[in-house]
file start.pdb (PDB, C-alpha atoms, pLDDT in the B column)
ATOM      1  CA  MET A   1      -6.504   7.159   2.102  1.00 96.00           C
ATOM      2  CA  GLU A   2      -6.250  10.448   3.956  1.00 97.00           C
ATOM      3  CA  GLU A   3     -10.026  10.849   3.636  1.00 98.00           C
ATOM      4  CA  ALA A   4     -10.581   7.328   4.984  1.00 98.00           C
ATOM      5  CA  ILE A   5      -8.381   8.231   7.959  1.00 98.00           C
ATOM      6  CA  LYS A   6     -10.562  11.313   8.548  1.00 98.00           C
ATOM      7  CA  GLU A   7     -13.582   8.984   8.620  1.00 98.00           C
ATOM      8  CA  SER A   8     -11.853   6.704  11.124  1.00 98.00           C
ATOM      9  CA  LYS A   9     -11.271   9.710  13.382  1.00 98.00           C
ATOM     10  CA  LYS A  10     -15.018  10.439  13.275  1.00 98.00           C
ATOM     11  CA  ALA A  11     -15.578   6.914  14.594  1.00 97.00           C
ATOM     12  CA  LEU A  12     -12.953   7.475  17.274  1.00 96.00           C
ATOM     13  CA  ARG A  13     -14.676  10.653  18.487  1.00 96.00           C
ATOM     14  CA  ARG A  14     -17.869   8.607  18.859  1.00 96.00           C
ATOM     15  CA  ASN A  15     -16.102   5.862  20.831  1.00 95.00           C
ATOM     16  CA  GLU A  16     -16.388   3.431  17.913  1.00 97.00           C
ATOM     17  CA  VAL A  17     -13.552   1.266  16.624  1.00 97.00           C
ATOM     18  CA  PRO A  18     -11.686   3.770  14.421  1.00 98.00           C
ATOM     19  CA  ILE A  19     -12.125   2.367  10.956  1.00 98.00           C
ATOM     20  CA  GLY A  20     -13.028   4.557   8.005  1.00 98.00           C
ATOM     21  CA  ALA A  21     -13.759   3.998   4.343  1.00 98.00           C
ATOM     22  CA  VAL A  22     -14.309   6.053   1.218  1.00 98.00           C
ATOM     23  CA  ILE A  23     -15.414   4.946  -2.234  1.00 98.00           C
ATOM     24  CA  VAL A  24     -13.990   6.682  -5.281  1.00 98.00           C
ATOM     25  CA  LYS A  25     -15.280   6.679  -8.846  1.00 98.00           C
ATOM     26  CA  ASP A  26     -13.749   8.734 -11.650  1.00 97.00           C
ATOM     27  CA  GLU A  27     -11.287  10.222  -9.146  1.00 96.00           C
ATOM     28  CA  LYS A  28     -14.126  11.652  -6.995  1.00 98.00           C
ATOM     29  CA  ILE A  29     -15.292  10.489  -3.594  1.00 98.00           C
ATOM     30  CA  ILE A  30     -18.862   9.282  -3.974  1.00 98.00           C
ATOM     31  CA  ALA A  31     -19.355   7.852  -0.477  1.00 98.00           C
ATOM     32  CA  ARG A  32     -17.866   7.870   3.002  1.00 98.00           C
ATOM     33  CA  GLY A  33     -18.366   5.667   6.004  1.00 98.00           C
ATOM     34  CA  PHE A  34     -17.068   4.888   9.456  1.00 98.00           C
ATOM     35  CA  ASN A  35     -17.885   2.241  12.016  1.00 98.00           C
ATOM     36  CA  LYS A  36     -21.282   2.748  13.629  1.00 98.00           C
ATOM     37  CA  ARG A  37     -21.851  -0.576  15.363  1.00 97.00           C
ATOM     38  CA  GLU A  38     -22.111   0.829  18.877  1.00 96.00           C
ATOM     39  CA  LYS A  39     -24.446   3.662  17.919  1.00 96.00           C
ATOM     40  CA  THR A  40     -26.720   1.541  15.724  1.00 97.00           C
ATOM     41  CA  LYS A  41     -26.417  -1.656  17.792  1.00 98.00           C
ATOM     42  CA  ASN A  42     -26.031  -3.371  14.439  1.00 97.00           C
ATOM     43  CA  ALA A  43     -23.261  -5.872  13.758  1.00 97.00           C
ATOM     44  CA  LEU A  44     -23.382  -4.999  10.050  1.00 97.00           C
ATOM     45  CA  ALA A  45     -22.531  -1.310  10.506  1.00 98.00           C
ATOM     46  CA  HIS A  46     -18.892  -1.626   9.476  1.00 98.00           C
ATOM     47  CA  ALA A  47     -17.288   1.335   7.698  1.00 98.00           C
ATOM     48  CA  GLU A  48     -17.206  -0.500   4.365  1.00 98.00           C
ATOM     49  CA  ILE A  49     -20.878  -1.492   4.521  1.00 98.00           C
ATOM     50  CA  VAL A  50     -21.907   2.061   5.452  1.00 98.00           C
ATOM     51  CA  ALA A  51     -19.910   3.440   2.503  1.00 98.00           C
ATOM     52  CA  ILE A  52     -21.252   0.807   0.080  1.00 98.00           C
ATOM     53  CA  ASN A  53     -24.836   1.625   1.055  1.00 98.00           C
ATOM     54  CA  LYS A  54     -24.226   5.327   0.479  1.00 98.00           C
ATOM     55  CA  ALA A  55     -22.509   4.707  -2.866  1.00 98.00           C
ATOM     56  CA  CYS A  56     -25.353   2.487  -4.080  1.00 98.00           C
ATOM     57  CA  ASN A  57     -27.870   5.174  -3.106  1.00 98.00           C
ATOM     58  CA  LYS A  58     -25.853   7.880  -4.840  1.00 98.00           C
ATOM     59  CA  LEU A  59     -25.414   5.904  -8.076  1.00 98.00           C
ATOM     60  CA  LYS A  60     -28.869   4.344  -7.827  1.00 98.00           C
ATOM     61  CA  ASP A  61     -27.317   0.986  -8.614  1.00 98.00           C
ATOM     62  CA  TRP A  62     -26.002  -1.963  -6.639  1.00 97.00           C
ATOM     63  CA  ARG A  63     -23.144  -2.336  -9.096  1.00 97.00           C
ATOM     64  CA  LEU A  64     -20.216  -0.141  -8.086  1.00 98.00           C
ATOM     65  CA  GLU A  65     -18.114  -1.046 -11.093  1.00 95.00           C
ATOM     66  CA  ASP A  66     -14.981   0.967 -11.723  1.00 95.00           C
ATOM     67  CA  CYS A  67     -14.939   2.078  -8.075  1.00 98.00           C
ATOM     68  CA  THR A  68     -12.125   1.802  -5.561  1.00 98.00           C
ATOM     69  CA  ILE A  69     -12.737   1.492  -1.836  1.00 98.00           C
ATOM     70  CA  TYR A  70     -10.110   2.913   0.494  1.00 98.00           C
ATOM     71  CA  VAL A  71     -10.333   1.520   4.011  1.00 98.00           C
ATOM     72  CA  THR A  72      -8.062   2.024   6.999  1.00 98.00           C
ATOM     73  CA  LEU A  73      -8.057  -1.656   8.022  1.00 97.00           C
ATOM     74  CA  GLU A  74      -7.942  -4.797   5.937  1.00 95.00           C
ATOM     75  CA  PRO A  75     -11.585  -5.782   5.343  1.00 96.00           C
ATOM     76  CA  CYS A  76     -13.153  -8.594   7.339  1.00 94.00           C
ATOM     77  CA  PRO A  77     -14.765 -11.562   5.535  1.00 94.00           C
ATOM     78  CA  MET A  78     -18.242  -9.968   5.679  1.00 96.00           C
ATOM     79  CA  CYS A  79     -17.016  -6.731   4.144  1.00 97.00           C
ATOM     80  CA  ALA A  80     -14.942  -8.572   1.543  1.00 95.00           C
ATOM     81  CA  GLY A  81     -18.093 -10.398   0.451  1.00 94.00           C
ATOM     82  CA  ALA A  82     -20.045  -7.141   0.278  1.00 96.00           C
ATOM     83  CA  ILE A  83     -17.269  -5.483  -1.728  1.00 97.00           C
ATOM     84  CA  LEU A  84     -17.290  -8.350  -4.214  1.00 95.00           C
ATOM     85  CA  ASN A  85     -21.068  -8.400  -4.454  1.00 94.00           C
ATOM     86  CA  ALA A  86     -21.049  -4.657  -5.137  1.00 97.00           C
ATOM     87  CA  ARG A  87     -18.593  -5.329  -7.983  1.00 96.00           C
ATOM     88  CA  ILE A  88     -16.017  -2.896  -6.595  1.00 97.00           C
ATOM     89  CA  LYS A  89     -12.892  -3.090  -8.720  1.00 97.00           C
ATOM     90  CA  ARG A  90     -10.188  -2.418  -6.154  1.00 97.00           C
ATOM     91  CA  ILE A  91      -9.559  -2.378  -2.408  1.00 97.00           C
ATOM     92  CA  VAL A  92      -6.802  -0.197  -0.988  1.00 98.00           C
ATOM     93  CA  TYR A  93      -6.259  -0.625   2.739  1.00 97.00           C
ATOM     94  CA  GLY A  94      -3.922   0.824   5.329  1.00 96.00           C
ATOM     95  CA  ALA A  95      -3.351  -1.521   8.270  1.00 94.00           C
ATOM     96  CA  LYS A  96      -3.153  -5.274   8.076  1.00 90.00           C
ATOM     97  CA  ASP A  97      -5.472  -7.037  10.507  1.00 88.00           C
ATOM     98  CA  LYS A  98      -3.093  -8.413  13.139  1.00 82.00           C
ATOM     99  CA  THR A  99      -5.241 -11.527  13.575  1.00 80.00           C
ATOM    100  CA  ALA A 100      -5.410 -12.229   9.833  1.00 79.00           C
ATOM    101  CA  ASN A 101      -2.546 -14.603   9.230  1.00 78.00           C
ATOM    102  CA  ASP A 102      -4.548 -17.171   7.260  1.00 85.00           C
ATOM    103  CA  GLU A 103      -4.943 -15.298   3.940  1.00 86.00           C
ATOM    104  CA  LEU A 104      -8.731 -15.582   4.261  1.00 89.00           C
ATOM    105  CA  LEU A 105      -9.284 -12.214   2.603  1.00 89.00           C
ATOM    106  CA  GLU A 106      -7.225 -13.252  -0.397  1.00 88.00           C
ATOM    107  CA  LYS A 107      -9.098 -16.572  -0.587  1.00 89.00           C
ATOM    108  CA  ILE A 108     -12.467 -14.804  -0.562  1.00 90.00           C
ATOM    109  CA  LEU A 109     -11.398 -12.296  -3.209  1.00 90.00           C
ATOM    110  CA  GLN A 110     -10.082 -15.023  -5.503  1.00 89.00           C
ATOM    111  CA  SER A 111     -12.809 -17.593  -4.950  1.00 88.00           C
ATOM    112  CA  ASN A 112     -13.937 -19.453  -8.068  1.00 87.00           C
ATOM    113  CA  ARG A 113     -17.471 -19.419  -6.637  1.00 87.00           C
ATOM    114  CA  LEU A 114     -17.768 -15.747  -7.546  1.00 84.00           C
ATOM    115  CA  ASN A 115     -17.718 -14.295 -11.034  1.00 84.00           C
ATOM    116  CA  HIS A 116     -16.201 -10.982  -9.933  1.00 87.00           C
ATOM    117  CA  LYS A 117     -12.604 -10.479  -8.899  1.00 89.00           C
ATOM    118  CA  CYS A 118     -11.223  -7.544  -6.966  1.00 93.00           C
ATOM    119  CA  GLU A 119      -7.713  -6.180  -6.828  1.00 94.00           C
ATOM    120  CA  LEU A 120      -6.238  -5.910  -3.319  1.00 93.00           C
ATOM    121  CA  VAL A 121      -3.567  -3.342  -2.465  1.00 93.00           C
ATOM    122  CA  GLN A 122      -2.022  -2.536   0.896  1.00 91.00           C
ATOM    123  CA  THR A 123      -0.615   0.965   1.058  1.00 89.00           C
ATOM    124  CA  SER A 124       2.562   1.062   3.108  1.00 90.00           C
ATOM    125  CA  GLU A 125       2.518   4.881   3.095  1.00 93.00           C
ATOM    126  CA  TYR A 126      -0.384   5.008   5.574  1.00 95.00           C
ATOM    127  CA  GLU A 127       0.066   1.683   7.340  1.00 94.00           C
ATOM    128  CA  LYS A 128       1.619   3.141  10.513  1.00 95.00           C
ATOM    129  CA  ASP A 129      -1.005   5.884  10.855  1.00 95.00           C
ATOM    130  CA  CYS A 130      -3.909   3.483  10.390  1.00 96.00           C
ATOM    131  CA  SER A 131      -2.404   0.903  12.710  1.00 95.00           C
ATOM    132  CA  ALA A 132      -1.635   3.479  15.418  1.00 96.00           C
ATOM    133  CA  LEU A 133      -5.262   4.657  15.505  1.00 96.00           C
ATOM    134  CA  LEU A 134      -6.439   1.127  16.214  1.00 96.00           C
ATOM    135  CA  THR A 135      -3.648   0.220  18.620  1.00 95.00           C
ATOM    136  CA  ASN A 136      -4.163   3.376  20.679  1.00 95.00           C
ATOM    137  CA  PHE A 137      -7.941   2.911  20.727  1.00 95.00           C
ATOM    138  CA  PHE A 138      -7.736  -0.613  22.120  1.00 93.00           C
ATOM    139  CA  LYS A 139      -4.916   0.306  24.514  1.00 92.00           C
ATOM    140  CA  GLU A 140      -7.110   3.101  25.928  1.00 91.00           C
ATOM    141  CA  LYS A 141     -10.058   0.686  26.206  1.00 86.00           C
ATOM    142  CA  ARG A 142      -7.932  -1.786  28.173  1.00 87.00           C
ATOM    143  CA  ASN A 143      -6.546   0.942  30.426  1.00 85.00           C
ATOM    144  CA  SER A 144      -9.969   2.400  31.196  1.00 81.00           C
ATOM    145  CA  SER A 145     -11.411  -1.027  31.994  1.00 74.00           C
ATOM    146  CA  LYS A 146      -8.644  -1.569  34.590  1.00 73.00           C
ATOM    147  CA  LYS A 147      -9.625   1.602  36.443  1.00 62.00           C
TER     148      LYS A 147
END
call {"tool": "encode", "arguments": {"input": "start.pdb", "output": "C-alpha cells"}}
result
Amino acid sequence: MEEAIKESKKALRRNEVPIGAVIVKDEKIIARGFNKREKTKNALAHAEIVAINKACNKLKDWRLEDCTIYVTLEPCPMCAGAILNARIKRIVYGAKDKTANDELLEKILQSNRLNHKCELVQTSEYEKDCSALLTNFFKEKRNSSKK
C-alpha cells in the first residue's frame, strides 16, 4: 500500500485527484498507475485502469490471475468491472469512498453474471493516510476556487 500511496502523490504533484494503484504478482510489483484524467483528457484514465494496462503489457496477457491490486481509494464501478475482467484475485484498498454507502462495489464483485470473483479487503492501517490525501486535495481545490 505504501507504493500505491507514492503513486497517489505523483498524481497530486500533477494536480490530478491523488489516487494510486500497484499490481503485485508473486510478491513483486509488476505495474504502477496513478490518475491521469486531466493530463490525458480521458475519463478512463483512472489509476487502476492505468495499472491494469501496464500489467497486461508486462505479462503479455489480459488475464492477471494470482495478482493483487493495491489502490488508495475504494474502486469505482468502472474500475471494479475492469479488475474482474482482468481476473485479478484480490483488491486491497485504503480509503472508503465517502459517497459509497450502497455496497455497489460489493454487488459488482459478487455478481452472478460474472464467472470470476475477487476478494475485497480494506486496510485500516493506511486508511487515514489515503483519506487525508483526498480530503486535503479537494479542500485545497475548494479554497482556491473561492479566491
call {"tool": "residues_near_point", "arguments": {"input": "start.pdb", "point": "(-20.3, 4.4, 18.3)", "cutoff": "7 Å", "atoms": "all atoms listed in the file", "output": "MDAnalysis selection string"}}
result
chainID A and resid 11 14:16 36:39
call {"tool": "closest_residue", "arguments": {"input": "start.pdb", "among": "A:Lys96, A:Arg13, A:Lys141, A:Lys89", "to": "Ile69 in chain A", "atoms": "all atoms listed in the file"}}
result
A:Lys89
call {"tool": "axis_aligned_box", "arguments": {"input": "start.pdb", "around": "range 71-88 of chain A", "padding_each_side": "5 Å", "output": "JSON"}}
result
{"center_x": -14.5, "center_y": -4.8, "center_z": 0.0, "size_x": 23.1, "size_y": 23.6, "size_z": 26.0}
call {"tool": "residues_around", "arguments": {"input": "start.pdb", "residues": "Glu27 in chain A", "least_positions_apart": "6", "cutoff": "12 Å", "atoms": "all atoms listed in the file", "output": "PyMOL selection string"}}
result
chain A and resi 66-69
call {"tool": "residues_around", "arguments": {"input": "start.pdb", "residues": "Ile88 in chain A", "least_positions_apart": "3", "cutoff": "6 Å", "atoms": "all atoms listed in the file", "output": "compact mmCIF listing (two decimals) with C-alpha atoms, in the frame of the given file"}}
result
# COMPACT_ATOMS: atom_id res chain seq x y z
CA LEU A 64 -20.22 -0.14 -8.09
CA GLU A 65 -18.11 -1.05 -11.09
CA CYS A 67 -14.94 2.08 -8.07
CA ILE A 83 -17.27 -5.48 -1.73
call {"tool": "atom_distance", "arguments": {"input": "start.pdb", "atom1": "CA of Gly33 in chain A", "atom2": "CA of Val17 in chain A"}}
result
12.5 Å
call {"tool": "resolve_selection", "arguments": {"input": "start.pdb", "expression": "the PyMOL selection byres ((chain A and resi 130) around 8)", "output": "list in words"}}
result
Ile5, Thr72, Leu73, Gly94, Ala95, Tyr126, Glu127, Lys128, Asp129, Ser131, Ala132, Leu133 and Leu134 of chain A
call {"tool": "closest_residue", "arguments": {"input": "start.pdb", "among": "A:Asn57, A:Thr99, A:Asn112, A:Ser144", "to": "Cys76 in chain A", "atoms": "all atoms listed in the file"}}
result
A:Thr99
call {"tool": "resolve_selection", "arguments": {"input": "start.pdb", "expression": "the PyMOL selection byres ((chain A and resi 90) around 12)", "output": "ChimeraX atom specification"}}
result
/A:22-25,64-71,80,83-84,86-89,91-93,109,116-122
call {"tool": "closest_residue", "arguments": {"input": "start.pdb", "among": "A:Phe34, A:Arg142, A:Lys28, A:Arg63", "to": "Leu12 in chain A", "atoms": "all atoms listed in the file"}}
result
A:Phe34
call {"tool": "resolve_selection", "arguments": {"input": "start.pdb", "expression": "the PyMOL selection byres ((chain A and resi 44) around 12)", "output": "count of residues only"}}
result
24
call {"tool": "atom_distance", "arguments": {"input": "start.pdb", "atom1": "CA of Thr135 in chain A", "atom2": "CA of Glu3 in chain A"}}
result
19.4 Å
call {"tool": "decode", "arguments": {"input": "start.pdb", "residues": "range 77-112 of chain A", "atoms": "N, CA, C and O atoms", "output": "JSON list (two decimals), in the first residue's frame"}}
result
[["chain", "number", "residue", "atom", "x", "y", "z"],
["A", 77, "PRO", "N", -17.22, 1.76, -9.85],
["A", 77, "PRO", "CA", -17.82, 0.66, -10.61],
["A", 77, "PRO", "C", -17.06, 0.32, -11.90],
["A", 77, "PRO", "O", -16.90, -0.86, -12.22],
["A", 78, "MET", "N", -16.59, 1.32, -12.63],
["A", 78, "MET", "CA", -15.84, 1.05, -13.86],
["A", 78, "MET", "C", -14.57, 0.24, -13.56],
["A", 78, "MET", "O", -14.29, -0.76, -14.22],
["A", 79, "CYS", "N", -13.83, 0.68, -12.55],
["A", 79, "CYS", "CA", -12.59, 0.00, -12.21],
["A", 79, "CYS", "C", -12.85, -1.39, -11.63],
["A", 79, "CYS", "O", -12.10, -2.33, -11.91],
["A", 80, "ALA", "N", -13.91, -1.53, -10.88],
["A", 80, "ALA", "CA", -14.28, -2.85, -10.35],
["A", 80, "ALA", "C", -14.54, -3.81, -11.50],
["A", 80, "ALA", "O", -14.08, -4.96, -11.48],
["A", 81, "GLY", "N", -15.25, -3.35, -12.51],
["A", 81, "GLY", "CA", -15.51, -4.19, -13.69],
["A", 81, "GLY", "C", -14.22, -4.55, -14.40],
["A", 81, "GLY", "O", -14.03, -5.70, -14.82],
["A", 82, "ALA", "N", -13.32, -3.60, -14.55],
["A", 82, "ALA", "CA", -12.04, -3.87, -15.21],
["A", 82, "ALA", "C", -11.21, -4.85, -14.40],
["A", 82, "ALA", "O", -10.58, -5.76, -14.96],
["A", 83, "ILE", "N", -11.21, -4.71, -13.09],
["A", 83, "ILE", "CA", -10.47, -5.62, -12.22],
["A", 83, "ILE", "C", -11.00, -7.04, -12.37],
["A", 83, "ILE", "O", -10.23, -8.00, -12.49],
["A", 84, "LEU", "N", -12.31, -7.18, -12.38],
["A", 84, "LEU", "CA", -12.91, -8.50, -12.56],
["A", 84, "LEU", "C", -12.59, -9.07, -13.93],
["A", 84, "LEU", "O", -12.25, -10.24, -14.07],
["A", 85, "ASN", "N", -12.72, -8.25, -14.96],
["A", 85, "ASN", "CA", -12.45, -8.73, -16.31],
["A", 85, "ASN", "C", -10.99, -9.12, -16.50],
["A", 85, "ASN", "O", -10.68, -9.99, -17.32],
["A", 86, "ALA", "N", -10.09, -8.50, -15.75],
["A", 86, "ALA", "CA", -8.68, -8.85, -15.81],
["A", 86, "ALA", "C", -8.36, -10.08, -14.95],
["A", 86, "ALA", "O", -7.23, -10.55, -14.93],
["A", 87, "ARG", "N", -9.37, -10.58, -14.25],
["A", 87, "ARG", "CA", -9.23, -11.78, -13.42],
["A", 87, "ARG", "C", -8.29, -11.57, -12.23],
["A", 87, "ARG", "O", -7.65, -12.51, -11.75],
["A", 88, "ILE", "N", -8.20, -10.33, -11.76],
["A", 88, "ILE", "CA", -7.37, -10.05, -10.57],
["A", 88, "ILE", "C", -8.01, -10.74, -9.37],
["A", 88, "ILE", "O", -9.22, -10.71, -9.19],
["A", 89, "LYS", "N", -7.18, -11.36, -8.57],
["A", 89, "LYS", "CA", -7.65, -12.20, -7.47],
["A", 89, "LYS", "C", -8.12, -11.40, -6.25],
["A", 89, "LYS", "O", -9.05, -11.79, -5.57],
["A", 90, "ARG", "N", -7.46, -10.26, -6.01],
["A", 90, "ARG", "CA", -7.71, -9.57, -4.74],
["A", 90, "ARG", "C", -7.52, -8.07, -4.90],
["A", 90, "ARG", "O", -6.60, -7.62, -5.57],
["A", 91, "ILE", "N", -8.40, -7.32, -4.24],
["A", 91, "ILE", "CA", -8.30, -5.86, -4.17],
["A", 91, "ILE", "C", -8.03, -5.50, -2.71],
["A", 91, "ILE", "O", -8.78, -5.91, -1.82],
["A", 92, "VAL", "N", -6.99, -4.70, -2.50],
["A", 92, "VAL", "CA", -6.72, -4.14, -1.18],
["A", 92, "VAL", "C", -6.78, -2.63, -1.35],
["A", 92, "VAL", "O", -6.06, -2.08, -2.18],
["A", 93, "TYR", "N", -7.65, -1.97, -0.60],
["A", 93, "TYR", "CA", -7.76, -0.52, -0.75],
["A", 93, "TYR", "C", -7.62, 0.17, 0.59],
["A", 93, "TYR", "O", -7.85, -0.41, 1.65],
["A", 94, "GLY", "N", -7.25, 1.45, 0.51],
["A", 94, "GLY", "CA", -7.02, 2.24, 1.71],
["A", 94, "GLY", "C", -8.26, 2.94, 2.21],
["A", 94, "GLY", "O", -8.85, 2.56, 3.21],
["A", 95, "ALA", "N", -8.69, 3.98, 1.50],
["A", 95, "ALA", "CA", -9.82, 4.80, 1.94],
["A", 95, "ALA", "C", -11.13, 4.31, 1.34],
["A", 95, "ALA", "O", -11.19, 3.93, 0.17],
["A", 96, "LYS", "N", -12.14, 4.36, 2.14],
["A", 96, "LYS", "CA", -13.50, 4.05, 1.67],
["A", 96, "LYS", "C", -14.02, 5.29, 0.95],
["A", 96, "LYS", "O", -13.79, 6.42, 1.39],
["A", 97, "ASP", "N", -14.68, 5.09, -0.17],
["A", 97, "ASP", "CA", -15.29, 6.21, -0.89],
["A", 97, "ASP", "C", -16.43, 6.74, -0.03],
["A", 97, "ASP", "O", -17.37, 6.01, 0.29],
["A", 98, "LYS", "N", -16.35, 8.01, 0.34],
["A", 98, "LYS", "CA", -17.33, 8.60, 1.25],
["A", 98, "LYS", "C", -18.75, 8.61, 0.67],
["A", 98, "LYS", "O", -19.72, 8.67, 1.40],
["A", 99, "THR", "N", -18.85, 8.57, -0.64],
["A", 99, "THR", "CA", -20.18, 8.58, -1.28],
["A", 99, "THR", "C", -20.72, 7.17, -1.49],
["A", 99, "THR", "O", -21.85, 7.01, -1.93],
["A", 100, "ALA", "N", -19.91, 6.16, -1.20],
["A", 100, "ALA", "CA", -20.30, 4.77, -1.48],
["A", 100, "ALA", "C", -20.94, 4.13, -0.26],
["A", 100, "ALA", "O", -20.30, 3.38, 0.47],
["A", 101, "ASN", "N", -22.19, 4.42, -0.06],
["A", 101, "ASN", "CA", -22.90, 3.81, 1.07],
["A", 101, "ASN", "C", -23.98, 2.84, 0.60],
["A", 101, "ASN", "O", -24.89, 2.51, 1.34],
["A", 102, "ASP", "N", -23.85, 2.37, -0.64],
["A", 102, "ASP", "CA", -24.87, 1.49, -1.21],
["A", 102, "ASP", "C", -24.36, 0.08, -1.49],
["A", 102, "ASP", "O", -25.07, -0.74, -2.05],
["A", 103, "GLU", "N", -23.12, -0.20, -1.11],
["A", 103, "GLU", "CA", -22.50, -1.51, -1.31],
["A", 103, "GLU", "C", -22.45, -1.92, -2.78],
["A", 103, "GLU", "O", -22.42, -3.09, -3.13],
["A", 104, "LEU", "N", -22.39, -0.93, -3.68],
["A", 104, "LEU", "CA", -22.34, -1.22, -5.11],
["A", 104, "LEU", "C", -21.09, -2.01, -5.47],
["A", 104, "LEU", "O", -21.15, -2.95, -6.27],
["A", 105, "LEU", "N", -19.96, -1.64, -4.91],
["A", 105, "LEU", "CA", -18.72, -2.36, -5.21],
["A", 105, "LEU", "C", -18.87, -3.84, -4.86],
["A", 105, "LEU", "O", -18.54, -4.71, -5.66],
["A", 106, "GLU", "N", -19.38, -4.11, -3.68],
["A", 106, "GLU", "CA", -19.56, -5.49, -3.25],
["A", 106, "GLU", "C", -20.53, -6.23, -4.18],
["A", 106, "GLU", "O", -20.31, -7.39, -4.53],
["A", 107, "LYS", "N", -21.58, -5.55, -4.61],
["A", 107, "LYS", "CA", -22.55, -6.16, -5.53],
["A", 107, "LYS", "C", -21.90, -6.51, -6.86],
["A", 107, "LYS", "O", -22.13, -7.58, -7.43],
["A", 108, "ILE", "N", -21.08, -5.60, -7.38],
["A", 108, "ILE", "CA", -20.39, -5.86, -8.65],
["A", 108, "ILE", "C", -19.46, -7.06, -8.49],
["A", 108, "ILE", "O", -19.44, -7.97, -9.32],
["A", 109, "LEU", "N", -18.67, -7.06, -7.42],
["A", 109, "LEU", "CA", -17.68, -8.11, -7.23],
["A", 109, "LEU", "C", -18.31, -9.48, -6.99],
["A", 109, "LEU", "O", -17.67, -10.50, -7.27],
["A", 110, "GLN", "N", -19.53, -9.51, -6.52],
["A", 110, "GLN", "CA", -20.18, -10.79, -6.23],
["A", 110, "GLN", "C", -21.28, -11.14, -7.24],
["A", 110, "GLN", "O", -22.01, -12.11, -7.04],
["A", 111, "SER", "N", -21.38, -10.40, -8.30],
["A", 111, "SER", "CA", -22.44, -10.61, -9.27],
["A", 111, "SER", "C", -22.40, -12.02, -9.87],
["A", 111, "SER", "O", -21.33, -12.51, -10.27],
["A", 112, "ASN", "N", -23.56, -12.65, -9.96],
["A", 112, "ASN", "CA", -23.66, -13.97, -10.58],
["A", 112, "ASN", "C", -23.52, -13.89, -12.09],
["A", 112, "ASN", "O", -23.39, -14.92, -12.75]]
